[in-house]
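*Asks:* My file is protein_27.txt. It has compact mmCIF, C-alpha atoms:
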```txt
# COMPACT_ATOMS: atom_id res chain seq x y z
CA LEU A 1 13.34 -20.17 -14.76
CA ALA A 2 14.91 -21.74 -11.74
CA SER A 3 13.58 -21.44 -8.23
CA GLY A 4 16.81 -20.53 -6.46
CA ILE A 5 16.42 -16.82 -6.07
CA ILE A 6 16.64 -13.45 -4.88
CA SER A 7 18.30 -10.70 -3.05
CA ALA A 8 16.14 -7.65 -2.53
CA GLY A 9 17.85 -4.36 -2.94
CA ILE A 10 16.71 -0.82 -3.60
CA ILE A 11 14.14 0.44 -1.12
CA ILE A 12 11.83 3.45 -1.35
CA ASN A 13 9.77 4.39 1.69
CA GLY A 14 10.67 1.04 3.18
CA ASN A 15 9.61 -0.93 0.12
CA ILE A 16 11.76 -2.86 -2.30
CA VAL A 17 11.70 -1.69 -5.89
CA ASN A 18 14.53 -3.81 -7.21
CA ALA A 19 16.26 -7.02 -6.32
CA LYS A 20 19.27 -9.01 -7.36
CA MET A 21 19.47 -12.73 -7.98
CA THR A 22 21.23 -14.91 -5.43
CA ASN A 23 21.07 -18.42 -4.00
CA HIS A 24 18.88 -19.41 -1.10
CA SER A 25 20.03 -17.83 2.14
CA SER A 26 21.12 -19.94 5.08
CA ASN A 27 17.68 -19.86 6.70
CA GLY A 28 15.95 -21.07 3.54
CA ALA A 29 14.57 -17.68 2.57
CA ILE A 30 14.04 -16.87 -1.09
CA ILE A 31 14.76 -13.18 -0.65
CA GLU A 32 17.77 -11.80 1.13
CA SER A 33 18.06 -8.03 1.58
CA TRP A 34 21.32 -6.39 0.70
CA GLY A 35 20.17 -2.78 0.72
CA THR A 36 19.25 -0.81 3.84
CA GLY A 37 17.44 1.97 2.05
CA ILE A 38 17.43 4.26 -0.94
CA GLU A 39 19.54 6.75 1.00
CA ASP A 40 22.39 4.27 1.07
CA GLU A 41 22.04 3.69 -2.64
CA PHE A 42 22.09 7.43 -3.33
CA ALA A 43 25.31 7.66 -1.32
CA LEU A 44 26.92 5.75 -4.20
CA ILE A 45 25.94 8.44 -6.68
CA ASP A 46 29.16 10.45 -6.58
CA GLY A 47 31.22 11.76 -9.47
CA ASP A 48 32.57 8.35 -10.42
CA PHE A 49 29.11 6.79 -10.36
CA ILE A 50 27.64 9.52 -12.54
CA GLN A 51 30.56 9.16 -14.93
CA ASP A 52 30.03 5.40 -15.18
CA LYS A 53 26.25 5.23 -15.20
CA GLU A 54 26.01 5.55 -18.98
CA LYS A 55 28.37 2.58 -19.25
CA THR A 56 26.03 0.64 -16.96
CA PHE A 57 23.09 1.30 -19.30
CA LEU A 58 25.17 0.19 -22.27
CA LYS A 59 26.37 -2.97 -20.51
CA PHE A 60 22.82 -3.85 -19.48
CA GLU A 61 21.53 -3.33 -23.02
CA SER A 62 24.41 -5.35 -24.46
CA CYS A 63 23.67 -8.28 -22.14
CA ILE A 64 19.96 -8.41 -22.86
CA LYS A 65 20.55 -8.11 -26.61
CA ASP A 66 22.88 -11.11 -26.36
CA GLY A 67 20.33 -13.02 -24.30
CA ASP A 68 22.71 -13.11 -21.31
CA PHE A 69 20.00 -12.36 -18.75
CA ASN A 70 21.96 -13.64 -15.76
CA LYS A 71 24.75 -11.17 -16.52
CA ALA A 72 22.22 -8.41 -17.18
CA GLU A 73 21.03 -8.93 -13.62
CA ASP A 74 24.41 -7.67 -12.41
CA TYR A 75 23.72 -4.25 -13.95
CA PHE A 76 19.98 -3.89 -13.46
CA ALA A 77 20.14 -2.59 -9.88
CA ASP A 78 22.48 0.23 -10.94
CA VAL A 79 20.22 0.98 -13.89
CA VAL A 80 17.28 1.40 -11.53
CA VAL A 81 19.27 3.62 -9.15
CA SER A 82 20.21 5.85 -12.09
CA LEU A 83 16.62 6.02 -13.28
CA ILE A 84 15.38 6.95 -9.81
CA GLU A 85 17.90 9.76 -9.68
CA MET A 86 16.82 10.96 -13.13
CA LYS A 87 13.17 10.87 -12.10
CA GLU A 88 13.96 13.25 -9.25
CA THR A 89 16.32 15.59 -11.13
CA ASP A 90 15.56 15.42 -14.86
CA SER A 91 12.14 14.06 -15.80
CA SER A 92 12.81 14.47 -19.51
CA GLU A 93 15.96 12.33 -19.37
CA PHE A 94 14.11 9.80 -17.21
CA ASN A 95 11.27 9.52 -19.72
CA ASN A 96 13.68 9.17 -22.64
CA LYS A 97 15.80 6.52 -20.92
CA THR A 98 12.91 4.41 -19.72
CA GLN A 99 11.15 4.60 -23.09
CA LYS A 100 14.33 3.52 -24.88
CA LEU A 101 14.84 0.59 -22.51
CA ILE A 102 11.20 -0.47 -22.80
CA GLU A 103 11.42 -0.45 -26.60
CA THR A 104 14.63 -2.48 -26.48
CA LEU A 105 13.14 -5.01 -24.07
CA ASN A 106 10.00 -5.36 -26.17
CA SER A 107 12.11 -6.30 -29.17
CA ILE A 108 14.15 -8.72 -27.05
CA ALA A 109 10.94 -10.35 -25.79
CA TYR A 110 10.01 -11.27 -29.37
CA LYS A 111 13.46 -12.81 -29.88
CA TYR A 112 13.57 -14.79 -26.63
CA THR A 113 9.97 -15.90 -26.34
CA SER A 114 10.69 -18.65 -23.79
CA SER A 115 12.29 -16.31 -21.26
CA ALA A 116 10.27 -14.23 -18.81
CA TYR A 117 13.22 -11.94 -18.11
CA PRO A 118 12.51 -9.27 -20.78
CA LYS A 119 8.88 -8.93 -19.71
CA TYR A 120 9.91 -8.91 -16.07
CA TYR A 121 12.40 -6.07 -16.61
CA THR A 122 9.80 -4.20 -18.66
CA ALA A 123 7.25 -4.56 -15.86
CA LYS A 124 9.75 -3.07 -13.42
CA LEU A 125 10.31 -0.09 -15.71
CA PHE A 126 6.58 0.48 -16.10
CA GLU A 127 6.34 0.39 -12.32
CA LEU A 128 8.97 3.12 -12.06
CA THR A 129 6.89 5.22 -14.45
CA ASP A 130 3.78 4.58 -12.31
CA ASN A 131 2.14 2.72 -15.18
CA TYR A 132 0.71 0.00 -12.98
CA ASP A 133 -1.77 -1.33 -15.54
CA LYS A 134 1.04 -2.41 -17.86
CA ALA A 135 3.15 -3.62 -14.94
CA PHE A 136 0.28 -5.86 -13.79
CA TYR A 137 -0.29 -7.17 -17.30
CA LEU A 138 3.36 -8.13 -17.79
CA ILE A 139 3.87 -9.67 -14.35
CA LYS A 140 0.79 -11.84 -14.90
CA GLU A 141 2.19 -12.87 -18.28
CA CYS A 142 5.44 -13.81 -16.56
CA ILE A 143 3.53 -15.91 -14.04
CA SER A 144 1.72 -17.69 -16.87
CA MET A 145 5.16 -18.51 -18.33
CA ASP A 146 6.52 -19.83 -15.04
CA LYS A 147 3.75 -20.66 -12.60
CA LYS A 148 6.10 -22.20 -10.03
CA ASN A 149 8.40 -19.20 -9.67
CA PRO A 150 7.61 -17.66 -6.25
CA ILE A 151 9.30 -14.33 -6.89
CA LEU A 152 6.85 -13.52 -9.68
CA LYS A 153 3.94 -14.06 -7.32
CA TYR A 154 5.78 -11.98 -4.73
CA GLU A 155 6.03 -9.18 -7.30
CA LEU A 156 2.31 -9.48 -8.03
CA GLY A 157 1.59 -9.12 -4.33
CA ASN A 158 3.76 -6.03 -4.12
CA LEU A 159 1.96 -4.49 -7.08
CA TYR A 160 -1.34 -5.06 -5.28
CA LEU A 161 0.20 -3.44 -2.22
CA ALA A 162 1.46 -0.46 -4.23
CA THR A 163 -2.00 0.13 -5.70
CA ASN A 164 -3.86 -0.14 -2.40
CA GLN A 165 -5.44 -3.51 -3.22
CA ASN A 166 -4.55 -4.79 0.20
CA GLU A 167 -6.95 -7.74 0.43
CA LYS A 168 -5.55 -9.18 -2.80
CA ALA A 169 -2.02 -8.55 -1.52
CA VAL A 170 -2.82 -10.44 1.69
CA ARG A 171 -4.07 -13.45 -0.26
CA VAL A 172 -0.90 -13.59 -2.36
CA PHE A 173 1.46 -13.15 0.58
CA GLU A 174 -0.41 -15.65 2.78
CA GLN A 175 -0.05 -18.27 0.05
CA LEU A 176 3.66 -17.53 -0.28
CA LYS A 177 4.09 -17.63 3.49
CA LEU A 178 2.83 -21.21 3.53
CA GLN A 179 5.54 -22.15 1.02
CA TYR A 180 8.30 -20.03 2.56
CA PRO A 181 7.52 -19.55 6.27
CA ARG A 182 11.04 -18.27 7.03
CA GLU A 183 11.05 -15.60 4.33
CA LYS A 184 11.37 -12.29 6.12
CA GLU A 185 10.40 -10.01 3.22
CA ILE A 186 7.17 -11.88 2.59
CA ARG A 187 6.30 -11.43 6.27
CA VAL A 188 7.09 -7.69 6.11
CA SER A 189 4.96 -7.15 3.01
CA LEU A 190 2.14 -9.17 4.52
CA ALA A 191 2.37 -7.16 7.74
CA GLU A 192 2.16 -3.91 5.80
CA ALA A 193 -0.92 -5.08 3.92
CA TYR A 194 -2.61 -6.00 7.18
CA SER A 195 -1.64 -2.64 8.67
CA ASN A 196 -3.13 -0.82 5.69
CA MET A 197 -6.38 -2.67 6.41
CA ALA A 198 -6.17 -1.68 10.10
CA SER A 199 -5.85 -5.36 10.98
CA PHE A 200 -3.16 -4.52 13.49
CA ASP A 201 -3.13 -7.76 15.48
CA ASN A 202 -2.29 -9.65 12.29
CA SER A 203 0.23 -6.99 11.36
CA VAL A 204 1.94 -7.26 14.75
CA ARG A 205 2.13 -11.05 14.41
CA GLU A 206 3.89 -10.86 11.04
CA TYR A 207 6.23 -8.01 12.01
CA ARG A 208 7.19 -9.91 15.18
CA VAL A 209 8.18 -12.99 13.18
CA ALA A 210 10.10 -10.87 10.64
CA ALA A 211 11.94 -9.05 13.42
CA ALA A 212 12.89 -12.36 15.00
CA PHE A 213 14.51 -13.42 11.72
CA GLU A 214 16.63 -10.25 11.61
CA PRO A 215 16.65 -8.40 14.96
CA GLU A 216 19.18 -5.84 13.71
CA ASP A 217 16.75 -4.55 11.06
CA SER A 218 15.71 -1.28 12.68
CA ASP A 219 13.01 -0.57 10.08
CA THR A 220 11.16 -3.80 10.83
CA VAL A 221 11.49 -3.27 14.58
CA ALA A 222 10.15 0.29 14.24
CA ALA A 223 7.22 -0.97 12.16
CA LEU A 224 6.50 -3.58 14.82
CA VAL A 225 6.42 -0.92 17.53
CA THR A 226 4.07 1.25 15.47
CA ALA A 227 1.71 -1.63 14.70
CA SER A 228 1.72 -2.67 18.37
CA THR A 229 0.84 0.86 19.41
CA TYR A 230 -2.05 1.00 16.93
CA ALA A 231 -3.29 -2.42 18.07
CA LYS A 232 -3.41 -1.20 21.68
CA MET A 233 -5.20 1.98 20.63
CA VAL A 234 -7.83 -0.07 18.78
CA LYS A 235 -8.40 -2.24 21.84
CA ASN A 236 -8.73 0.87 23.99
CA ASN A 237 -11.01 2.49 21.40
CA THR A 238 -8.57 5.39 21.04
CA PHE A 239 -7.30 4.70 17.54
CA TYR A 240 -7.58 7.64 15.16
CA ASP A 241 -6.44 8.55 11.67
CA PRO A 242 -3.68 11.16 12.12
CA MET A 243 -4.33 12.47 8.60
CA GLN A 244 -7.92 13.35 9.46
CA THR A 245 -7.73 13.59 13.26
CA VAL A 246 -11.10 11.93 13.64
CA ALA A 247 -12.07 8.75 15.43
CA ALA A 248 -11.71 5.68 13.22
CA THR A 249 -13.21 2.23 13.55
CA PRO A 250 -10.55 -0.48 13.41
CA THR A 251 -12.03 -2.40 10.48
CA GLN A 252 -12.67 0.43 8.03
CA SER A 253 -9.25 1.99 7.53
CA SER A 254 -7.54 0.88 4.34
CA GLY A 255 -5.15 3.71 3.56
CA ASN A 256 -1.93 2.73 1.83
CA LYS A 257 1.17 4.21 3.41
CA GLN A 258 3.60 3.70 0.57
CA ASP A 259 4.33 5.55 -2.64
CA ILE A 260 6.03 2.82 -4.63
CA ILE A 261 6.90 -0.78 -4.03
CA ALA A 262 7.71 -3.97 -5.48
CA PHE A 263 10.32 -5.12 -7.35
CA GLY A 264 9.94 -6.97 -4.73
CA SER A 265 11.70 -5.47 -0.16
CA GLY A 266 8.75 -4.90 0.48
CA SER A 267 10.61 -5.08 -1.79
CA THR A 268 11.67 -5.06 -7.23
CA SER A 269 12.64 -8.47 -7.35
CA SER A 270 14.26 -10.69 -9.90
CA PHE A 271 14.75 -14.36 -10.61
CA SER A 272 17.11 -16.83 -12.16
CA ALA A 273 16.80 -18.26 -15.63
CA SER A 274 16.91 -21.87 -16.57
```
Would you encode the structure as structure tokens?
*Replies:*
Amino acid sequence: LASGIISAGIIINGNIVNAKMTNHSSNGAIIESWGTGIEDEFALIDGDFIQDKEKTFLKFESCIKDGDFNKAEDYFADVVVSLIEMKETDSSEFNNKTQKLIETLNSIAYKYTSSAYPKYYTAKLFELTDNYDKAFYLIKECISMDKKNPILKYELGNLYLATNQNEKAVRVFEQLKLQYPREKEIRVSLAEAYSNMASFDNSVREYRVAAAFEPEDSDTVAALVTASTYAKMVKNNTFYDPMQTVAATPTQSSGNKQDIIAFGSGSTSSFSAS
């Protein structure tokens, strides 16, 4: 697996659940967002998209069966969009499709034992089905296969974030930040983990850096404003949990604000094969 990587794509509740491989961006980042939100992705689901989505599944399966994982990457984002739509509209079809893909990928993994791609894709599918135990297991196996690949560690951090293990997420993202200080998506995920821990000063610091990298990103700017407001409330001893409407101490809150994350923006992410 090569280290030149990623373009984060599909976003749910501000978090990336899929990404597409690309080269390093001009500022040296390993992850470069190309999606502005799941709403934009759903805008693509018109009659033509629905008509073609079965072809996308077939093309993806054909590529992975042939071991052409780089080409499979071209179709994986659309596969995930289709699965997300199914999950919302037809749970039976969603379960059947994901199970079929998981079975196919498991068989491919036995054939291409030196590639982490099949296990990576399988982990992403388990994440979509909310089976985080299996997603964790497979991502850790991928890391053991390619310890130097940063996107796999980034995915591990996002899984920790998705399962409210914020302290572990912080440790992963802080390590990645040292390697890739100009990576916006790492900063955003780190900021969210800090915010979930009510460590708002740290959250503000990371959101501020991320916003400086991409000032036109309204989501990051909005998150910065929110974190700044909470930080001021903590200092003024007026911070409270709006879900419980009771006074909260600034070091005890650890609620997770997201429903699903990771494939990396804050991200599913992917990586390139050697």
*Asks:* Quick one: distance from atom CA of Tyr121 of chain A to atom CA of Thr163 of chain A in Å, one decimal?
*Replies:*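 Those two atoms sit 19.1 Å apart.
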*Asks:* Calculated over only C-alpha atoms, which of the candidates A:Leu138, A:Leu178, A:Val188, A:Val234 has the smallest distance to Glu214 of chain A?
*Replies:*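 Using only C-alpha atoms, Glu214 of chain A sits closest to A:Val188.
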*Asks:* In terms of the shortest atom-to-atom distance over only C-alpha atoms, which of A:Ala210, A:Leu125, A:Leu190, A:Leu152 is closest to Thr104 of chain A?
*Replies:*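 Between A:Ala210, A:Leu125, A:Leu190, A:Leu152, the residue approaching Thr104 of chain A most closely is A:Leu125.
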*Asks:* Need to verify the contact set: Phe57 of chain A, 8 Å, only C-alpha atoms, exclusion of same-chain residues closer than 3 positions in sequence. Can you return it as number ranges by chain?
*Replies:* A: 53-54, 60-61, 75, 79
*Asks:* From the set A:Leu101, A:Lys119, A:Ser107, A:Thr129, which residue has the shortest atom-to-atom contact distance to Glu88 of chain A, counting only C-alpha atoms?
*Replies:*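 Among the listed residues, A:Thr129 lies closest to Glu88 of chain A.
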*Asks:* Using only C-alpha atoms, which of the listed residues (A:Ala212, A:Ser92, A:Pro150, A:Phe136) sits closest to Tyr180 of chain A?
*Replies:* A:Pro150
*Asks:* For Arg208 of chain A, which residue among A:Lys111, A:Arg187, A:Lys177, A:Lys140 is the nearest when counting all atoms listed in the file?
*Replies:*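 Distance minimum relative to Arg208 of chain A lands on A:Arg187.
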*Asks:* So what do you get for atom CA of Thr220 of chain A versus atom CA of Lys168 of chain A, distance-wise?
*Replies:*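 These two atoms are separated by 22.2 Å.
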*Asks:* With 5 Å on each side, where is the centre of the axis-aligned box around all listed atoms of segment 123-135 of chain A, and how long are its edges in Å to one decimal, as JSON?
*Replies:*
```
{"center_x": 4.3, "center_y": 0.3, "center_z": -15.0, "size_x": 22.1, "size_y": 19.8, "size_z": 15.8}
```
*Asks:* In Å, how far is it from atom CA of Glu103 of chain A to atom CA of Lys65 of chain A?
*Replies:*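 These atoms are spaced 11.9 Å apart.
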*Asks:* Between A:Ile186, A:Ala191, A:Val209, A:Ile102, which residue has the minimum interatomic distance to Thr226 of chain A, considering only C-alpha atoms?
*Replies:*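 The closest residue to Thr226 of chain A is A:Ala191.
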*Asks:* I want to know what sits within 9 Å of Tyr132 of chain A, based on all atoms listed in the file, with residues of the same chain fewer than 5 positions away left out; could you give that as a PDB file with C-alpha atoms, in the coordinates of the input?
*Replies:*
```
ATOM      1  CA  ALA A 123       7.250  -4.560 -15.860  1.00  0.00           C
ATOM      2  CA  PHE A 126       6.580   0.480 -16.100  1.00  0.00           C
ATOM      3  CA  GLU A 127       6.340   0.390 -12.320  1.00  0.00           C
ATOM      4  CA  TYR A 137      -0.290  -7.170 -17.300  1.00  0.00           C
ATOM      5  CA  LEU A 159       1.960  -4.490  -7.080  1.00  0.00           C
ATOM      6  CA  ALA A 162       1.460  -0.460  -4.230  1.00  0.00           C
ATOM      7  CA  THR A 163      -2.000   0.130  -5.700  1.00  0.00           C
TER       8      THR A 163
END
```
*Asks:* May I have the residues within 12 Å of Tyr207 of chain A as number ranges by chain, using all atoms listed in the file and disregarding those fewer than 6 positions away in the same chain?
*Replies:* A: 183-195, 200-201, 213-215, 217-228
*Asks:* Taking 5 positions as the minimum chain separation for residues in the same chain, which residues sit within 9 Å of Asn95 of chain A when counting all atoms listed in the file? Answer as a JSON list (two decimals) with C-alpha atoms, in the coordinates of the input.
*Replies:*
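Here's the written file result00.json:
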```
[["chain", "number", "residue", "atom", "x", "y", "z"],
["A", 86, "MET", "CA", 16.82, 10.96, -13.13],
["A", 87, "LYS", "CA", 13.17, 10.87, -12.10],
["A", 90, "ASP", "CA", 15.56, 15.42, -14.86],
["A", 100, "LYS", "CA", 14.33, 3.52, -24.88],
["A", 129, "THR", "CA", 6.89, 5.22, -14.45]]
```
